[in-house]
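Shown here: work_2.pdb, PDB, C-alpha atoms.
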```pdb
ATOM      1  CA  MET A  20     -38.255   5.369  19.778
ATOM      2  CA  GLY A  21     -34.625   4.559  18.989
ATOM      3  CA  PHE A  22     -33.134   5.654  15.699
ATOM      4  CA  LYS A  23     -35.022   7.967  13.321
ATOM      5  CA  LEU A  24     -34.770   5.989  10.091
ATOM      6  CA  THR A  25     -36.049   7.221   6.746
ATOM      7  CA  PRO A  26     -36.345   5.150   3.555
ATOM      8  CA  ILE A  27     -33.528   5.481   1.071
ATOM      9  CA  ASP A  28     -34.048   7.143  -2.303
ATOM     10  CA  VAL A  29     -34.630   4.514  -5.004
ATOM     11  CA  VAL A  30     -34.243   5.136  -8.740
ATOM     12  CA  ASP A  31     -34.417   2.816 -11.711
ATOM     13  CA  ASP A  32     -31.876   4.711 -13.818
ATOM     14  CA  ILE A  33     -30.036   7.982 -13.318
ATOM     15  CA  SER A  34     -28.059  10.401 -15.471
ATOM     16  CA  ARG A  35     -24.499  11.443 -14.669
ATOM     17  CA  GLU A  36     -25.664  14.992 -13.941
ATOM     18  CA  ASP A  37     -28.471  13.931 -11.599
ATOM     19  CA  PHE A  38     -26.185  11.467  -9.838
ATOM     20  CA  TYR A  39     -23.525  14.126  -9.286
ATOM     21  CA  GLN A  40     -25.883  16.891  -8.133
ATOM     22  CA  ASN A  41     -28.195  14.829  -5.923
ATOM     23  CA  TYR A  42     -25.952  12.072  -4.518
ATOM     24  CA  LEU A  43     -22.217  12.286  -5.232
ATOM     25  CA  LYS A  44     -21.721  15.979  -4.473
ATOM     26  CA  PRO A  45     -23.867  16.004  -1.287
ATOM     27  CA  ARG A  46     -22.614  12.503  -0.424
ATOM     28  CA  ARG A  47     -26.046  10.947  -0.011
ATOM     29  CA  PRO A  48     -26.838   7.238  -0.509
ATOM     30  CA  VAL A  49     -29.167   5.968  -3.217
ATOM     31  CA  VAL A  50     -30.299   2.594  -4.575
ATOM     32  CA  ILE A  51     -30.033   2.246  -8.363
ATOM     33  CA  LYS A  52     -32.126  -0.712  -9.467
ATOM     34  CA  GLY A  53     -31.185  -0.656 -13.140
ATOM     35  CA  LEU A  54     -27.422  -0.185 -12.875
ATOM     36  CA  THR A  55     -26.770  -3.890 -13.503
ATOM     37  CA  ARG A  56     -29.335  -4.273 -16.280
ATOM     38  CA  ASN A  57     -26.614  -4.809 -18.891
ATOM     39  CA  TRP A  58     -24.335  -6.915 -16.690
ATOM     40  CA  PRO A  59     -24.008 -10.570 -17.713
ATOM     41  CA  ALA A  60     -23.855 -11.220 -13.960
ATOM     42  CA  ARG A  61     -27.504 -10.231 -13.574
ATOM     43  CA  ASP A  62     -28.581 -13.386 -15.386
ATOM     44  CA  LYS A  63     -25.635 -15.650 -14.553
ATOM     45  CA  TRP A  64     -24.612 -15.087 -10.954
ATOM     46  CA  SER A  65     -26.078 -17.442  -8.385
ATOM     47  CA  LEU A  66     -24.691 -19.484  -5.516
ATOM     48  CA  ASP A  67     -24.462 -22.539  -7.754
ATOM     49  CA  TYR A  68     -22.690 -20.551 -10.475
ATOM     50  CA  MET A  69     -20.141 -19.248  -7.971
ATOM     51  CA  LYS A  70     -19.590 -22.719  -6.574
ATOM     52  CA  GLU A  71     -18.964 -24.125 -10.041
ATOM     53  CA  THR A  72     -16.837 -21.212 -11.295
ATOM     54  CA  VAL A  73     -14.606 -20.433  -8.320
ATOM     55  CA  GLY A  74     -13.666 -24.005  -7.497
ATOM     56  CA  ASP A  75     -13.035 -25.924  -4.304
ATOM     57  CA  ILE A  76     -10.676 -23.594  -2.439
ATOM     58  CA  VAL A  77     -10.392 -23.030   1.325
ATOM     59  CA  VAL A  78     -11.780 -19.660   2.470
ATOM     60  CA  PRO A  79     -11.635 -17.782   5.808
ATOM     61  CA  LEU A  80     -14.981 -17.299   7.588
ATOM     62  CA  TYR A  81     -16.176 -14.679  10.060
ATOM     63  CA  ASP A  82     -18.907 -14.989  12.674
ATOM     64  CA  SER A  83     -20.925 -12.533  14.775
ATOM     65  CA  ALA A  84     -18.907 -12.955  17.962
ATOM     66  CA  LYS A  85     -17.470  -9.849  19.550
ATOM     67  CA  ALA A  86     -13.936  -9.150  18.369
ATOM     68  CA  ASP A  87     -11.048 -10.790  20.210
ATOM     69  CA  PRO A  88      -9.190  -7.943  21.975
ATOM     70  CA  SER A  89      -5.818  -9.436  21.056
ATOM     71  CA  ALA A  90      -6.611 -10.203  17.401
ATOM     72  CA  PRO A  91      -5.983  -7.847  14.471
ATOM     73  CA  ILE A  92      -9.060  -6.321  12.857
ATOM     74  CA  ASN A  93     -10.781  -8.652  10.373
ATOM     75  CA  ALA A  94      -9.233 -11.796  11.875
ATOM     76  CA  ALA A  95     -11.121 -14.904  10.695
ATOM     77  CA  SER A  96     -12.879 -17.177  13.183
ATOM     78  CA  THR A  97     -12.590 -20.373  11.137
ATOM     79  CA  GLU A  98     -12.182 -21.656   7.573
ATOM     80  CA  MET A  99     -14.011 -24.027   5.232
ATOM     81  CA  ARG A 100     -13.933 -25.312   1.691
ATOM     82  CA  PHE A 101     -15.806 -22.871  -0.533
ATOM     83  CA  SER A 102     -18.125 -25.546  -1.932
ATOM     84  CA  ASP A 103     -19.069 -26.707   1.578
ATOM     85  CA  TYR A 104     -19.767 -23.121   2.613
ATOM     86  CA  ILE A 105     -22.062 -22.527  -0.374
ATOM     87  CA  ASP A 106     -23.926 -25.721   0.469
ATOM     88  CA  LEU A 107     -24.265 -24.531   4.065
ATOM     89  CA  ILE A 108     -25.782 -21.116   3.275
ATOM     90  CA  LYS A 109     -28.127 -22.665   0.729
ATOM     91  CA  ARG A 110     -29.309 -25.221   3.284
ATOM     92  CA  GLU A 111     -29.773 -23.273   6.527
ATOM     93  CA  PRO A 112     -29.281 -19.987   8.386
ATOM     94  CA  THR A 113     -25.794 -19.334   9.743
ATOM     95  CA  ASP A 114     -23.889 -16.347  11.063
ATOM     96  CA  LEU A 115     -20.774 -17.310   9.083
ATOM     97  CA  ARG A 116     -19.715 -14.844   6.392
ATOM     98  CA  ILE A 117     -16.980 -14.528   3.782
ATOM     99  CA  PHE A 118     -15.490 -11.047   4.012
ATOM    100  CA  LEU A 119     -13.400  -9.177   1.399
ATOM    101  CA  PHE A 120     -13.150 -12.291  -0.772
ATOM    102  CA  ASP A 121     -11.252 -12.062  -4.080
ATOM    103  CA  PRO A 122     -12.576 -14.950  -6.185
ATOM    104  CA  ILE A 123     -11.486 -13.452  -9.493
ATOM    105  CA  LYS A 124      -7.900 -14.606  -9.110
ATOM    106  CA  HIS A 125      -9.323 -18.140  -8.990
ATOM    107  CA  ALA A 126     -11.933 -17.485 -11.707
ATOM    108  CA  PRO A 127     -10.761 -14.748 -14.146
ATOM    109  CA  ALA A 128     -13.868 -15.294 -16.288
ATOM    110  CA  LEU A 129     -15.836 -13.327 -13.667
ATOM    111  CA  LEU A 130     -14.117 -10.177 -14.946
ATOM    112  CA  ASN A 131     -16.400 -10.308 -17.977
ATOM    113  CA  ASP A 132     -19.599 -10.408 -15.917
ATOM    114  CA  TYR A 133     -19.756  -6.889 -14.458
ATOM    115  CA  VAL A 134     -19.075  -3.301 -15.572
ATOM    116  CA  PHE A 135     -17.684  -0.388 -13.572
ATOM    117  CA  PRO A 136     -20.283   2.436 -13.663
ATOM    118  CA  LYS A 137     -17.913   4.925 -15.280
ATOM    119  CA  GLU A 138     -20.863   6.655 -16.915
ATOM    120  CA  LEU A 139     -21.657   8.021 -13.436
ATOM    121  CA  MET A 140     -18.185   8.828 -12.069
ATOM    122  CA  GLY A 141     -14.479   8.090 -12.370
ATOM    123  CA  GLY A 142     -11.754   7.194  -9.926
ATOM    124  CA  PHE A 143     -12.429   3.460  -9.573
ATOM    125  CA  LEU A 144      -9.753   1.694  -7.554
ATOM    126  CA  ASP A 145      -9.670  -2.030  -8.141
ATOM    127  CA  ARG A 146      -9.501  -4.123 -11.220
ATOM    128  CA  TYR A 147     -10.260  -7.069  -8.954
ATOM    129  CA  PRO A 148     -13.121  -6.039  -6.647
ATOM    130  CA  THR A 149     -14.081  -8.000  -3.560
ATOM    131  CA  LEU A 150     -17.134 -10.165  -2.914
ATOM    132  CA  PHE A 151     -19.013 -10.792   0.316
ATOM    133  CA  PHE A 152     -21.055 -13.916   1.151
ATOM    134  CA  GLY A 153     -23.389 -14.499   4.062
ATOM    135  CA  GLY A 154     -25.927 -16.966   5.394
ATOM    136  CA  ALA A 155     -29.491 -16.011   6.266
ATOM    137  CA  GLY A 156     -29.453 -14.005   9.493
ATOM    138  CA  SER A 157     -25.750 -13.167   9.429
ATOM    139  CA  GLU A 158     -24.850  -9.561  10.225
ATOM    140  CA  THR A 159     -22.016  -7.212   9.356
ATOM    141  CA  PHE A 160     -21.216  -5.110  12.436
ATOM    142  CA  LEU A 161     -21.688  -1.333  12.304
ATOM    143  CA  HIS A 162     -18.638   0.312  10.724
ATOM    144  CA  TYR A 163     -17.400   2.632   8.011
ATOM    145  CA  ASP A 164     -14.862   1.536   5.428
ATOM    146  CA  ILE A 165     -11.268   2.149   6.398
ATOM    147  CA  ASP A 166     -10.190   3.400   2.962
ATOM    148  CA  MET A 167     -12.954   6.076   2.882
ATOM    149  CA  ALA A 168     -13.939   5.130  -0.684
ATOM    150  CA  HIS A 169     -17.266   5.614  -2.429
ATOM    151  CA  ILE A 170     -18.871   2.183  -2.850
ATOM    152  CA  PHE A 171     -21.252   0.729  -5.418
ATOM    153  CA  HIS A 172     -22.528  -2.321  -3.537
ATOM    154  CA  THR A 173     -24.528  -4.737  -5.710
ATOM    155  CA  HIS A 174     -26.360  -7.591  -4.017
ATOM    156  CA  PHE A 175     -27.424 -10.943  -5.443
ATOM    157  CA  GLY A 176     -30.136 -11.947  -3.001
ATOM    158  CA  LYS A 177     -31.898 -10.034  -0.219
ATOM    159  CA  LYS A 178     -30.226  -7.772   2.328
ATOM    160  CA  HIS A 179     -31.316  -5.270   5.006
ATOM    161  CA  ILE A 180     -29.053  -2.227   5.437
ATOM    162  CA  ILE A 181     -29.055   0.689   7.894
ATOM    163  CA  LEU A 182     -26.784   3.682   7.207
ATOM    164  CA  PHE A 183     -25.665   6.704   9.216
ATOM    165  CA  ASP A 184     -23.849   9.844   8.157
ATOM    166  CA  TYR A 185     -20.250  10.056   9.413
ATOM    167  CA  LYS A 186     -21.188  13.052  11.604
ATOM    168  CA  TRP A 187     -22.936  10.699  14.065
ATOM    169  CA  LYS A 188     -19.709   8.809  14.831
ATOM    170  CA  GLU A 189     -19.424   9.745  18.517
ATOM    171  CA  ARG A 190     -23.113   9.111  19.324
ATOM    172  CA  LEU A 191     -22.792   5.700  17.654
ATOM    173  CA  PHE A 192     -20.035   4.794  20.154
ATOM    174  CA  ARG A 193     -17.148   4.777  17.700
ATOM    175  CA  ILE A 194     -14.252   2.751  19.090
ATOM    176  CA  PRO A 195     -11.087   4.891  19.244
ATOM    177  CA  PHE A 196      -8.339   4.054  16.728
ATOM    178  CA  ALA A 197     -10.795   1.916  14.770
ATOM    179  CA  THR A 198     -13.553   2.234  12.159
ATOM    180  CA  TYR A 199     -16.278   0.260  13.925
ATOM    181  CA  ALA A 200     -18.738   0.918  16.736
ATOM    182  CA  LEU A 201     -19.307  -0.635  20.149
ATOM    183  CA  GLU A 202     -20.746  -4.096  19.512
ATOM    184  CA  ASP A 203     -22.948  -4.178  22.642
ATOM    185  CA  TYR A 204     -26.183  -2.918  21.057
ATOM    186  CA  HIS A 205     -28.418  -4.196  18.254
ATOM    187  CA  VAL A 206     -28.520  -1.764  15.354
ATOM    188  CA  ASP A 207     -31.896  -3.030  14.141
ATOM    189  CA  ASN A 208     -33.400  -2.785  17.658
ATOM    190  CA  PRO A 209     -31.260  -0.567  19.918
ATOM    191  CA  ASP A 210     -31.837  -0.588  23.672
ATOM    192  CA  THR A 211     -32.121   3.151  24.304
ATOM    193  CA  GLU A 212     -32.720   2.655  28.026
ATOM    194  CA  ARG A 213     -29.236   1.201  28.321
ATOM    195  CA  PHE A 214     -27.815   3.433  25.584
ATOM    196  CA  PRO A 215     -29.824   6.699  25.643
ATOM    197  CA  GLU A 216     -27.149   8.305  23.465
ATOM    198  CA  LEU A 217     -28.628   6.407  20.490
ATOM    199  CA  GLU A 218     -32.057   7.998  20.867
ATOM    200  CA  GLY A 219     -32.973  10.166  17.900
ATOM    201  CA  ILE A 220     -29.928   9.459  15.735
ATOM    202  CA  GLU A 221     -30.971   9.961  12.120
ATOM    203  CA  GLY A 222     -30.296   7.183   9.655
ATOM    204  CA  ILE A 223     -31.354   5.714   6.326
ATOM    205  CA  GLU A 224     -32.812   2.247   5.835
ATOM    206  CA  CYS A 225     -32.920   0.150   2.687
ATOM    207  CA  PHE A 226     -33.702  -3.358   1.522
ATOM    208  CA  LEU A 227     -31.780  -4.673  -1.468
ATOM    209  CA  GLU A 228     -33.240  -7.212  -3.889
ATOM    210  CA  TYR A 229     -31.383  -9.320  -6.453
ATOM    211  CA  GLY A 230     -29.349  -7.077  -8.769
ATOM    212  CA  ASP A 231     -29.949  -3.824  -6.838
ATOM    213  CA  THR A 232     -26.984  -1.480  -6.356
ATOM    214  CA  LEU A 233     -26.501   0.709  -3.275
ATOM    215  CA  PHE A 234     -24.335   3.789  -3.770
ATOM    216  CA  MET A 235     -22.724   4.398  -0.379
ATOM    217  CA  PRO A 236     -20.676   7.622  -0.200
ATOM    218  CA  THR A 237     -17.381   7.944   1.625
ATOM    219  CA  GLY A 238     -17.506   7.704   5.396
ATOM    220  CA  TRP A 239     -21.071   6.433   5.767
ATOM    221  CA  TRP A 240     -21.550   4.015   8.649
ATOM    222  CA  HIS A 241     -23.339   0.837   7.627
ATOM    223  CA  TRP A 242     -24.831  -2.244   9.244
ATOM    224  CA  MET A 243     -25.969  -5.115   7.027
ATOM    225  CA  LYS A 244     -28.053  -8.239   7.553
ATOM    226  CA  TYR A 245     -28.400 -11.053   5.026
ATOM    227  CA  LEU A 246     -32.042 -12.044   4.691
ATOM    228  CA  ASP A 247     -31.135 -15.159   2.735
ATOM    229  CA  GLY A 248     -27.998 -17.036   1.747
ATOM    230  CA  SER A 249     -26.570 -14.642  -0.827
ATOM    231  CA  PHE A 250     -23.628 -12.464  -1.854
ATOM    232  CA  SER A 251     -22.536  -8.986  -2.973
ATOM    233  CA  ILE A 252     -19.847  -7.309  -5.033
ATOM    234  CA  SER A 253     -18.395  -3.902  -4.077
ATOM    235  CA  LEU A 254     -16.867  -1.542  -6.642
ATOM    236  CA  ARG A 255     -14.864   1.234  -5.006
ATOM    237  CA  ALA A 256     -13.911   4.731  -6.176
ATOM    238  CA  TRP A 257     -11.839   7.567  -4.735
ATOM    239  CA  ASP A 258     -13.478  10.713  -3.428
ATOM    240  CA  GLU A 259     -12.151  13.787  -5.223
ATOM    241  CA  SER A 260     -11.260  15.464  -1.894
ATOM    242  CA  TRP A 261      -7.585  15.335  -0.948
ATOM    243  CA  ALA A 262      -8.620  15.618   2.707
ATOM    244  CA  VAL A 263     -10.586  12.375   2.366
ATOM    245  CA  LYS A 264      -7.624  10.719   0.624
ATOM    246  CA  ALA A 265      -5.365  11.818   3.495
ATOM    247  CA  HIS A 266      -7.868  10.419   6.018
ATOM    248  CA  SER A 267      -7.801   7.105   4.137
ATOM    249  CA  LEU A 268      -4.006   6.983   4.196
ATOM    250  CA  TRP A 269      -3.950   7.730   7.943
ATOM    251  CA  ASN A 270      -6.500   4.967   8.635
ATOM    252  CA  LEU A 271      -4.637   2.382   6.568
ATOM    253  CA  THR A 272      -1.164   3.103   7.908
ATOM    254  CA  VAL A 273      -0.690   4.951  11.196
ATOM    255  CA  GLN A 274      -4.012   4.159  12.887
ATOM    256  CA  ARG A 275      -4.185   0.488  11.907
ATOM    257  CA  LYS A 276      -0.557  -0.278  12.809
ATOM    258  CA  PHE A 277      -0.877   1.526  16.140
ATOM    259  CA  ASP A 278      -4.097  -0.310  16.978
ATOM    260  CA  ASP A 279      -2.658  -3.727  16.083
ATOM    261  CA  PHE A 280       0.439  -3.017  18.197
ATOM    262  CA  MET A 281      -1.607  -1.960  21.225
ATOM    263  CA  LYS A 282      -3.908  -4.990  20.915
ATOM    264  CA  ALA A 283      -0.974  -7.362  20.793
ATOM    265  CA  ARG A 284       0.739  -5.649  23.730
ATOM    266  CA  PHE A 285      -2.148  -4.936  26.116
ATOM    267  CA  LYS A 286      -4.992  -7.191  24.855
ATOM    268  CA  ALA A 287      -8.202  -6.948  26.930
ATOM    269  CA  ARG A 288      -6.890  -4.051  29.022
ATOM    270  CA  TYR A 289      -6.488  -1.925  25.893
ATOM    271  CA  MET A 290      -9.881  -2.939  24.499
ATOM    272  CA  ASN A 291     -11.638  -2.159  27.772
ATOM    273  CA  TRP A 292     -10.037   1.285  27.811
ATOM    274  CA  LYS A 293     -11.187   1.937  24.242
ATOM    275  CA  GLU A 294     -14.765   0.900  24.999
ATOM    276  CA  GLN A 295     -14.855   3.083  28.125
ATOM    277  CA  LEU A 296     -13.577   6.042  26.119
ATOM    278  CA  ALA A 297     -16.176   5.417  23.389
ATOM    279  CA  CYS A 298     -18.902   5.492  26.042
ATOM    280  CA  LYS A 299     -17.576   8.731  27.569
ATOM    281  CA  ARG A 300     -17.430  10.424  24.175
ATOM    282  CA  ALA A 301     -20.940   9.265  23.278
ATOM    283  CA  ARG A 302     -22.341  10.573  26.565
ATOM    284  CA  ARG A 303     -20.550  13.918  26.131
ATOM    285  CA  ALA A 304     -21.834  14.349  22.557
ATOM    286  CA  TRP A 305     -25.377  13.440  23.644
ATOM    287  CA  GLU A 306     -25.362  15.871  26.567
ATOM    288  CA  ARG A 307     -24.149  18.661  24.270
ATOM    289  CA  GLY A 308     -26.788  17.864  21.669
ATOM    290  CA  LEU A 309     -24.205  16.980  19.034
ATOM    291  CA  PRO A 310     -24.097  16.839  16.117
ATOM    292  CA  ARG A 311     -26.092  19.963  15.329
TER     293      ARG A 311
END
```
Rewritten as structure tokens:
Amino acid sequence: MGFKLTPIDVVDDISREDFYQNYLKPRRPVVIKGLTRNWPARDKWSLDYMKETVGDIVVPLYDSAKADPSAPINAASTEMRFSDYIDLIKREPTDLRIFLFDPIKHAPALLNDYVFPKELMGGFLDRYPTLFFGGAGSETFLHYDIDMAHIFHTHFGKKHIILFDYKWKERLFRIPFATYALEDYHVDNPDTERFPELEGIEGIECFLEYGDTLFMPTGWWHWMKYLDGSFSISLRAWDESWAVKAHSLWNLTVQRKFDDFMKARFKARYMNWKEQLACKRARRAWERGLPR
């Protein structure tokens, strides 16, 4: 059977009170289709518009290959001129993605095209949010965000997303000292004979269309697949919990620096040890019936 996936809640509009009571407070994802209705971006943003507005800069690209044990997290696999990349994802499928891209410093006019959803919550972090681009078929590996922020993820195209509550971290084969999972199984079609620990894990599935916004609460694991050449913008906000803020600080400082040091020092030996430990923890959690 594999994962037990249920459809995500979808609303057209939502009040601040309903959002807080039903999604922010219980930390449950939701798709808000009308959040961008008054954004200029909803009518303006396209691949051609981005190509024209951002300019012909060189951007780092990421592929679907398993991470290099000696490389820091989020190390790029290659680079390309932005205009050539846009032409590529318009023309054909590719696994190349642009990750955590900040085009606004190259095109400040984009600041006028979107609005932070402050009518729903406060605590937004970035004046200059990041964009993500991907070709048809490209995938973002299963992970949770290192800064533990709430995310309003708006997509301009089509995207398939599978989400898991943070409590399933061990059964998902979380890699120690990292925020991503073992990359040896397919999230959209897990091999539960090889990885029986994945059987029965409860998740949420959604499909985003142009202009849809996914609210993804702090700590939720997510896997994403671009169904066409398209892009997203993520607006991030702090969780009100000081424990979550402390977890974010730990991830960004102590954990990341330690992990980068160990990768550089021990390379494949360190990565193999981490994967073996992830497998042991997943098996132990599965045998104990965790989480309950």
Let me know the residues the PyMOL selection byres ((chain A and resi 131-148) around 7) catches in the file above, as a ChimeraX atom specification. /A:35,38,58-60,121,123,128-130,149-150,253-257
In Å, with one decimal, what is the gap from CA of Arg193 (chain A) to CA of Lys177 (chain A)?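 Separating CA of Arg193 (chain A) from CA of Lys177 (chain A) is a distance of 27.5 Å.
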Output of the PyMOL selection byres ((chain A and resi 97) around 7), listed as a VMD selection string: chain A and resid 79 to 81 95 to 96 98
Of the candidates A:Glu158, A:Asp278, A:Glu221, A:Glu216, which one gets nearest to Tyr185 (chain A) if we count only C-alpha atoms? A:Glu221
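Shell of Glu218 (chain A) at 10 Å, with only C-alpha atoms counted and residues fewer than 2 places along the chain excluded, is Met20, Gly21, Phe22, Lys23, Arg190, Pro209, Asp210, Thr211, Glu212, Phe214, Pro215, Glu216, Ile220, Glu221 and Trp305 of chain A.
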Using all atoms listed in the file, which protein or nucleic acid residues come within 12 Å of Pro26 (chain A)? Drop anything in the same chain fewer than 6 positions from it, and give the result as a PyMOL selection string. chain A and resi 48-50+179-182+221-227
Since the input lacks atoms, please generate N, CA, C and O atoms for region 213-226 of chain A and provide them as an mmCIF file, in the frame of the given file.
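Saved the output as rebuild.cif:
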```cif
data_model
loop_
_atom_site.group_PDB
_atom_site.id
_atom_site.type_symbol
_atom_site.label_atom_id
_atom_site.label_comp_id
_atom_site.auth_asym_id
_atom_site.auth_seq_id
_atom_site.Cartn_x
_atom_site.Cartn_y
_atom_site.Cartn_z
ATOM 1 N N ARG A 213 -30.635 1.450 27.954
ATOM 2 C CA ARG A 213 -29.236 1.201 28.321
ATOM 3 C C ARG A 213 -28.295 2.177 27.610
ATOM 4 O O ARG A 213 -27.284 2.600 28.179
ATOM 5 N N PHE A 214 -28.656 2.526 26.385
ATOM 6 C CA PHE A 214 -27.815 3.433 25.584
ATOM 7 C C PHE A 214 -28.649 4.622 25.120
ATOM 8 O O PHE A 214 -29.021 4.722 23.938
ATOM 9 N N PRO A 215 -28.977 5.553 26.028
ATOM 10 C CA PRO A 215 -29.824 6.699 25.643
ATOM 11 C C PRO A 215 -29.169 7.592 24.589
ATOM 12 O O PRO A 215 -29.862 8.360 23.903
ATOM 13 N N GLU A 216 -27.860 7.486 24.453
ATOM 14 C CA GLU A 216 -27.149 8.305 23.465
ATOM 15 C C GLU A 216 -27.583 7.989 22.031
ATOM 16 O O GLU A 216 -27.384 8.795 21.114
ATOM 17 N N LEU A 217 -28.191 6.805 21.830
ATOM 18 C CA LEU A 217 -28.628 6.407 20.490
ATOM 19 C C LEU A 217 -29.981 7.007 20.115
ATOM 20 O O LEU A 217 -30.341 7.038 18.936
ATOM 21 N N GLU A 218 -30.710 7.484 21.110
ATOM 22 C CA GLU A 218 -32.057 7.998 20.867
ATOM 23 C C GLU A 218 -32.031 9.176 19.892
ATOM 24 O O GLU A 218 -31.298 10.149 20.083
ATOM 25 N N GLY A 219 -32.813 9.058 18.832
ATOM 26 C CA GLY A 219 -32.973 10.166 17.900
ATOM 27 C C GLY A 219 -31.917 10.283 16.830
ATOM 28 O O GLY A 219 -31.984 11.206 16.001
ATOM 29 N N ILE A 220 -30.930 9.399 16.805
ATOM 30 C CA ILE A 220 -29.928 9.459 15.735
ATOM 31 C C ILE A 220 -30.624 9.206 14.400
ATOM 32 O O ILE A 220 -31.412 8.279 14.251
ATOM 33 N N GLU A 221 -30.320 10.041 13.421
ATOM 34 C CA GLU A 221 -30.971 9.961 12.120
ATOM 35 C C GLU A 221 -30.196 9.027 11.188
ATOM 36 O O GLU A 221 -28.974 9.131 11.072
ATOM 37 N N GLY A 222 -30.920 8.121 10.571
ATOM 38 C CA GLY A 222 -30.296 7.183 9.655
ATOM 39 C C GLY A 222 -31.158 6.925 8.438
ATOM 40 O O GLY A 222 -32.260 7.464 8.305
ATOM 41 N N ILE A 223 -30.651 6.101 7.553
ATOM 42 C CA ILE A 223 -31.354 5.714 6.326
ATOM 43 C C ILE A 223 -31.437 4.194 6.275
ATOM 44 O O ILE A 223 -30.461 3.502 6.592
ATOM 45 N N GLU A 224 -32.589 3.690 5.889
ATOM 46 C CA GLU A 224 -32.812 2.247 5.835
ATOM 47 C C GLU A 224 -33.121 1.820 4.408
ATOM 48 O O GLU A 224 -33.828 2.520 3.682
ATOM 49 N N CYS A 225 -32.577 0.670 4.011
ATOM 50 C CA CYS A 225 -32.920 0.150 2.687
ATOM 51 C C CYS A 225 -32.934 -1.367 2.703
ATOM 52 O O CYS A 225 -32.328 -2.009 3.569
ATOM 53 N N PHE A 226 -33.637 -1.927 1.734
ATOM 54 C CA PHE A 226 -33.702 -3.358 1.522
ATOM 55 C C PHE A 226 -33.321 -3.627 0.070
ATOM 56 O O PHE A 226 -33.981 -3.141 -0.848
#
```
